[in-house]
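Visitor: Provided herewith: query_3.cif, mmCIF, N, CA and C atoms.
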```cif
data_coords
#
loop_
_atom_site.label_atom_id
_atom_site.label_comp_id
_atom_site.auth_asym_id
_atom_site.auth_seq_id
_atom_site.Cartn_x
_atom_site.Cartn_y
_atom_site.Cartn_z
N MET A 1 -124.70 -80.37 113.84
CA MET A 1 -123.66 -79.38 113.61
C MET A 1 -123.25 -79.43 112.14
N THR A 2 -123.12 -78.27 111.53
CA THR A 2 -122.74 -78.23 110.12
C THR A 2 -121.23 -78.20 109.99
N LYS A 3 -120.76 -78.74 108.90
CA LYS A 3 -119.32 -78.74 108.63
C LYS A 3 -118.93 -77.37 108.07
N PRO A 4 -117.81 -76.82 108.55
CA PRO A 4 -117.37 -75.56 107.96
C PRO A 4 -116.91 -75.78 106.53
N THR A 5 -117.30 -74.89 105.68
CA THR A 5 -116.88 -74.96 104.28
C THR A 5 -116.27 -73.63 103.89
N GLU A 6 -115.73 -73.58 102.71
CA GLU A 6 -115.17 -72.31 102.24
C GLU A 6 -116.27 -71.27 102.10
N GLN A 7 -117.51 -71.71 101.93
CA GLN A 7 -118.61 -70.76 101.77
C GLN A 7 -119.01 -70.13 103.10
N ASN A 8 -119.09 -70.93 104.18
CA ASN A 8 -119.55 -70.33 105.43
C ASN A 8 -118.42 -70.01 106.39
N GLY A 9 -117.22 -70.51 106.16
CA GLY A 9 -116.11 -70.23 107.05
C GLY A 9 -115.75 -68.75 107.11
N PRO A 10 -115.48 -68.12 105.97
CA PRO A 10 -115.14 -66.71 106.01
C PRO A 10 -116.26 -65.83 106.56
N GLU A 11 -117.53 -66.20 106.27
CA GLU A 11 -118.64 -65.42 106.81
C GLU A 11 -118.67 -65.52 108.33
N ALA A 12 -118.40 -66.71 108.84
CA ALA A 12 -118.37 -66.88 110.30
C ALA A 12 -117.26 -66.03 110.90
N LEU A 13 -116.10 -65.99 110.25
CA LEU A 13 -115.01 -65.17 110.75
C LEU A 13 -115.34 -63.69 110.66
N ALA A 14 -116.02 -63.30 109.60
CA ALA A 14 -116.41 -61.90 109.45
C ALA A 14 -117.42 -61.51 110.53
N THR A 15 -118.34 -62.42 110.85
CA THR A 15 -119.31 -62.15 111.91
C THR A 15 -118.59 -62.02 113.24
N PHE A 16 -117.62 -62.89 113.49
CA PHE A 16 -116.84 -62.83 114.72
C PHE A 16 -116.08 -61.51 114.81
N ALA A 17 -115.47 -61.10 113.70
CA ALA A 17 -114.72 -59.84 113.68
C ALA A 17 -115.64 -58.64 113.91
N ALA A 18 -116.81 -58.65 113.26
CA ALA A 18 -117.76 -57.56 113.45
C ALA A 18 -118.25 -57.50 114.89
N THR A 19 -118.45 -58.65 115.49
CA THR A 19 -118.87 -58.71 116.89
C THR A 19 -117.77 -58.17 117.79
N ALA A 20 -116.54 -58.53 117.52
CA ALA A 20 -115.42 -58.04 118.32
C ALA A 20 -115.29 -56.52 118.23
N ARG A 21 -115.53 -55.97 117.04
CA ARG A 21 -115.45 -54.51 116.88
C ARG A 21 -116.65 -53.80 117.50
N ASN A 22 -117.69 -54.54 117.84
CA ASN A 22 -118.92 -53.95 118.36
C ASN A 22 -119.11 -54.31 119.84
N ASN A 23 -118.03 -54.36 120.59
CA ASN A 23 -118.06 -54.63 122.03
C ASN A 23 -118.78 -55.93 122.39
N GLY A 24 -118.57 -56.97 121.61
CA GLY A 24 -119.09 -58.29 121.93
C GLY A 24 -120.53 -58.54 121.54
N THR A 25 -121.15 -57.61 120.84
CA THR A 25 -122.54 -57.76 120.42
C THR A 25 -122.59 -57.76 118.90
N ARG A 26 -123.27 -58.76 118.33
CA ARG A 26 -123.38 -58.80 116.88
C ARG A 26 -124.14 -57.56 116.41
N PRO A 27 -123.61 -56.84 115.44
CA PRO A 27 -124.30 -55.64 114.95
C PRO A 27 -125.70 -55.98 114.44
N SER A 28 -126.64 -55.07 114.64
CA SER A 28 -128.03 -55.35 114.27
C SER A 28 -128.18 -55.61 112.77
N GLY A 29 -127.37 -54.99 111.95
CA GLY A 29 -127.46 -55.19 110.52
C GLY A 29 -126.75 -56.45 110.05
N GLN A 30 -126.07 -57.13 110.95
CA GLN A 30 -125.31 -58.33 110.59
C GLN A 30 -126.22 -59.55 110.71
N GLY A 31 -126.69 -60.01 109.58
CA GLY A 31 -127.58 -61.17 109.57
C GLY A 31 -126.80 -62.47 109.47
N LEU A 32 -127.48 -63.52 109.07
CA LEU A 32 -126.84 -64.82 108.94
C LEU A 32 -126.31 -65.06 107.53
N ALA A 33 -126.67 -64.20 106.60
CA ALA A 33 -126.18 -64.34 105.22
C ALA A 33 -125.09 -63.31 104.97
N ALA A 34 -124.24 -63.61 104.02
CA ALA A 34 -123.15 -62.70 103.69
C ALA A 34 -123.67 -61.42 103.08
N THR A 35 -123.01 -60.35 103.41
CA THR A 35 -123.27 -59.06 102.79
C THR A 35 -122.05 -58.70 101.95
N PRO A 36 -122.13 -57.71 101.10
CA PRO A 36 -120.93 -57.35 100.33
C PRO A 36 -119.74 -57.02 101.23
N LYS A 37 -120.00 -56.48 102.40
CA LYS A 37 -118.91 -56.12 103.32
C LYS A 37 -118.29 -57.35 103.98
N THR A 38 -119.10 -58.39 104.22
CA THR A 38 -118.60 -59.55 104.95
C THR A 38 -118.39 -60.78 104.08
N SER A 39 -118.69 -60.68 102.80
CA SER A 39 -118.55 -61.86 101.95
C SER A 39 -117.08 -62.20 101.75
N TYR A 40 -116.84 -63.40 101.30
CA TYR A 40 -115.48 -63.89 101.11
C TYR A 40 -114.75 -63.07 100.05
N LYS A 41 -113.56 -62.67 100.36
CA LYS A 41 -112.72 -61.93 99.42
C LYS A 41 -111.41 -62.69 99.28
N SER A 42 -111.23 -63.29 98.13
CA SER A 42 -110.00 -64.04 97.94
C SER A 42 -108.85 -63.06 97.77
N GLY A 43 -107.72 -63.46 98.26
CA GLY A 43 -106.53 -62.62 98.16
C GLY A 43 -105.61 -63.12 97.07
N ASN A 44 -104.51 -62.45 96.91
CA ASN A 44 -103.49 -62.83 95.96
C ASN A 44 -102.49 -63.71 96.70
N LEU A 45 -102.63 -65.02 96.57
CA LEU A 45 -101.82 -65.96 97.34
C LEU A 45 -100.33 -65.79 97.04
N ALA A 46 -99.98 -65.63 95.78
CA ALA A 46 -98.56 -65.49 95.43
C ALA A 46 -97.97 -64.23 96.07
N GLY A 47 -98.71 -63.14 96.05
CA GLY A 47 -98.25 -61.90 96.67
C GLY A 47 -98.13 -62.03 98.18
N GLU A 48 -99.10 -62.69 98.79
CA GLU A 48 -99.07 -62.88 100.23
C GLU A 48 -97.90 -63.77 100.64
N GLU A 49 -97.62 -64.81 99.84
CA GLU A 49 -96.50 -65.69 100.14
C GLU A 49 -95.18 -64.93 100.03
N LYS A 50 -95.05 -64.06 99.02
CA LYS A 50 -93.83 -63.28 98.86
C LYS A 50 -93.66 -62.31 100.03
N ASP A 51 -94.75 -61.65 100.42
CA ASP A 51 -94.67 -60.73 101.56
C ASP A 51 -94.28 -61.48 102.83
N ALA A 52 -94.88 -62.65 103.05
CA ALA A 52 -94.55 -63.43 104.24
C ALA A 52 -93.09 -63.88 104.21
N ALA A 53 -92.62 -64.32 103.06
CA ALA A 53 -91.22 -64.74 102.94
C ALA A 53 -90.28 -63.57 103.18
N ASP A 54 -90.63 -62.39 102.67
CA ASP A 54 -89.80 -61.21 102.90
C ASP A 54 -89.79 -60.80 104.37
N ILE A 55 -90.91 -60.91 105.04
CA ILE A 55 -90.97 -60.58 106.46
C ILE A 55 -90.13 -61.55 107.27
N ILE A 56 -90.31 -62.84 107.02
CA ILE A 56 -89.55 -63.85 107.77
C ILE A 56 -88.06 -63.76 107.44
N GLY A 57 -87.74 -63.67 106.15
CA GLY A 57 -86.34 -63.57 105.74
C GLY A 57 -85.67 -62.31 106.25
N GLY A 58 -86.38 -61.20 106.20
CA GLY A 58 -85.83 -59.95 106.70
C GLY A 58 -85.59 -59.98 108.20
N ASN A 59 -86.51 -60.59 108.93
CA ASN A 59 -86.31 -60.72 110.38
C ASN A 59 -85.15 -61.65 110.69
N ALA A 60 -85.00 -62.70 109.91
CA ALA A 60 -83.92 -63.66 110.15
C ALA A 60 -82.55 -63.04 109.87
N THR A 61 -82.47 -62.15 108.89
CA THR A 61 -81.19 -61.56 108.52
C THR A 61 -80.97 -60.18 109.13
N GLY A 62 -81.99 -59.64 109.78
CA GLY A 62 -81.87 -58.31 110.38
C GLY A 62 -82.08 -57.18 109.39
N ASP A 63 -82.67 -57.48 108.25
CA ASP A 63 -82.91 -56.47 107.21
C ASP A 63 -84.25 -55.79 107.48
N LYS A 64 -84.23 -54.77 108.34
CA LYS A 64 -85.47 -54.10 108.75
C LYS A 64 -86.16 -53.41 107.58
N ALA A 65 -85.40 -52.88 106.63
CA ALA A 65 -86.01 -52.20 105.47
C ALA A 65 -86.84 -53.20 104.65
N ARG A 66 -86.33 -54.41 104.48
CA ARG A 66 -87.06 -55.45 103.74
C ARG A 66 -88.36 -55.82 104.45
N VAL A 67 -88.29 -55.93 105.77
CA VAL A 67 -89.48 -56.27 106.56
C VAL A 67 -90.52 -55.15 106.45
N ASP A 68 -90.08 -53.91 106.64
CA ASP A 68 -91.00 -52.78 106.58
C ASP A 68 -91.65 -52.65 105.20
N ALA A 69 -90.86 -52.87 104.14
CA ALA A 69 -91.41 -52.79 102.78
C ALA A 69 -92.46 -53.87 102.55
N ALA A 70 -92.20 -55.09 103.05
CA ALA A 70 -93.16 -56.19 102.88
C ALA A 70 -94.44 -55.93 103.66
N ILE A 71 -94.31 -55.39 104.87
CA ILE A 71 -95.49 -55.08 105.68
C ILE A 71 -96.32 -53.99 105.01
N ASP A 72 -95.65 -52.95 104.51
CA ASP A 72 -96.37 -51.88 103.82
C ASP A 72 -97.06 -52.39 102.56
N HIS A 73 -96.37 -53.23 101.80
CA HIS A 73 -96.97 -53.77 100.58
C HIS A 73 -98.19 -54.62 100.91
N HIS A 74 -98.08 -55.45 101.93
CA HIS A 74 -99.21 -56.30 102.30
C HIS A 74 -100.40 -55.46 102.76
N ALA A 75 -100.13 -54.42 103.54
CA ALA A 75 -101.21 -53.56 104.03
C ALA A 75 -101.94 -52.87 102.88
N GLN A 76 -101.22 -52.52 101.82
CA GLN A 76 -101.84 -51.84 100.68
C GLN A 76 -102.58 -52.78 99.74
N THR A 77 -102.18 -54.04 99.69
CA THR A 77 -102.76 -54.95 98.71
C THR A 77 -103.72 -55.98 99.29
N ASP A 78 -103.85 -56.06 100.60
CA ASP A 78 -104.70 -57.08 101.22
C ASP A 78 -106.17 -56.73 101.02
N LYS A 79 -106.88 -57.52 100.22
CA LYS A 79 -108.30 -57.28 99.94
C LYS A 79 -109.18 -57.59 101.15
N ARG A 80 -108.68 -58.44 102.03
CA ARG A 80 -109.50 -58.90 103.15
C ARG A 80 -109.41 -57.98 104.36
N ALA A 81 -108.53 -57.02 104.35
CA ALA A 81 -108.39 -56.12 105.49
C ALA A 81 -109.66 -55.26 105.63
N GLY A 82 -110.07 -55.08 106.84
CA GLY A 82 -111.29 -54.34 107.09
C GLY A 82 -111.10 -52.89 107.04
#
```
As a first step, turn the structure in this file into structure tokens.

Guide:
Amino acid sequence: MTKPTEQNGPEALATFAATARNNGTRPSGQGLAATPKTSYKSGNLAGEEKDAADIIGGNATGDKARVDAAIDHHAQTDKRAG
């Protein structure tokens, strides 16, 4: 068994996601190597942390506008979203 690494971990997750979107069958074009569509895409950690803090903080204080703004910002800036 191979150890998961940063190189093969995201590809494995991308394969799993592609399989889930394809009714449980790995797509025929989905090989064992990364493609530009499934390769690792690093995100903006500082931005993601701020969005997460705004979502949690907004939910804790009842500030729905803050939560909605953070969710919208994350949806627009997330490089890893399919």

Visitor: Between atom CA of A:Leu45 and atom CA of A:Asp72, what is the distance in Å, rounded to a tenth?

Guide: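 Those two atoms sit 16.4 Å apart.
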
Visitor: Need the shell around A:Ile56: protein/DNA/RNA residues with any atom at most 7 Å away, counting all atoms listed in the file. Skip same-chain ones fewer than 5 positions apart. Format as a PyMOL selection string?

Guide: chain A and resi 51+61+67

Visitor: Keeping N, CA and C atoms for every residue in the selection just given, could you write it to a file as a PDB file, in the coordinates of the input?

Guide:
```pdb
ATOM      1  N   ASP A  51     -94.750 -61.650 100.420  1.00  0.00           N
ATOM      2  CA  ASP A  51     -94.670 -60.730 101.560  1.00  0.00           C
ATOM      3  C   ASP A  51     -94.280 -61.480 102.830  1.00  0.00           C
ATOM      4  N   THR A  61     -82.470 -62.150 108.890  1.00  0.00           N
ATOM      5  CA  THR A  61     -81.190 -61.560 108.520  1.00  0.00           C
ATOM      6  C   THR A  61     -80.970 -60.180 109.130  1.00  0.00           C
ATOM      7  N   VAL A  67     -88.290 -55.930 105.770  1.00  0.00           N
ATOM      8  CA  VAL A  67     -89.480 -56.270 106.560  1.00  0.00           C
ATOM      9  C   VAL A  67     -90.520 -55.150 106.450  1.00  0.00           C
TER      10      VAL A  67
END
```

Visitor: Please indicate the distance in Å from atom N of A:Gly58 to atom CA of A:Leu13, rounded to one decimal place.

Guide: 29.3 Å

Visitor: Find the residue from A:Ala70, A:Gly62, A:Ala20, A:Thr15 that sits nearest to A:Lys50; use only N, CA and C atoms when measuring.

Guide: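 Comparing A:Ala70, A:Gly62, A:Ala20, A:Thr15 against A:Lys50, the winner is A:Ala70.
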
Visitor: I'd like the interatomic distance between atom CA of A:Asp78 and atom N of A:Asn44, to a tenth of an Å.

Guide: 6.9 Å

Visitor: With DSSP run on the backbone, what are the helix (DSSP H, G or I) residues within stretch 17-61 of chain A? I'd like them as a list in words.

Guide: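 The helix (DSSP H, G or I) subset of stretch 17-61 of chain A is Ala17, Ala18, Thr19, Ala20, Arg21, Leu45, Ala46, Gly47, Glu48, Glu49, Lys50, Asp51, Ala52, Ala53, Asp54, Ile55, Ile56, Gly57, Gly58, Asn59, Ala60 and Thr61 of chain A.
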
Visitor: Hey, which of A:Ser39, A:Ala14, A:Pro27, A:Asp54 ends up closest to A:His74? Count only C-alpha atoms.

Guide: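 Nearest to A:His74: A:Asp54.
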
Visitor: Which is closer to A:Ile55 than all the others in A:Asp68, A:Ser28, A:Phe16, A:Ala75, using only N, CA and C atoms?

Guide: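 Closest to A:Ile55, using only N, CA and C atoms: A:Asp68.
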
Visitor: Starting from the PyMOL selection byres (((chain A and resi 43 and name CA) around 12) and name CA), expand the selection into actual residues of this file and give them as a list in words.

Guide: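 Expected selection for the PyMOL selection byres (((chain A and resi 43 and name CA) around 12) and name CA) here is Tyr40, Lys41, Ser42, Asn44, Leu45, Ala46, Gly47, Glu48, Glu49, His74, Thr77, Asp78, Lys79, Arg80 and Ala81 of chain A.
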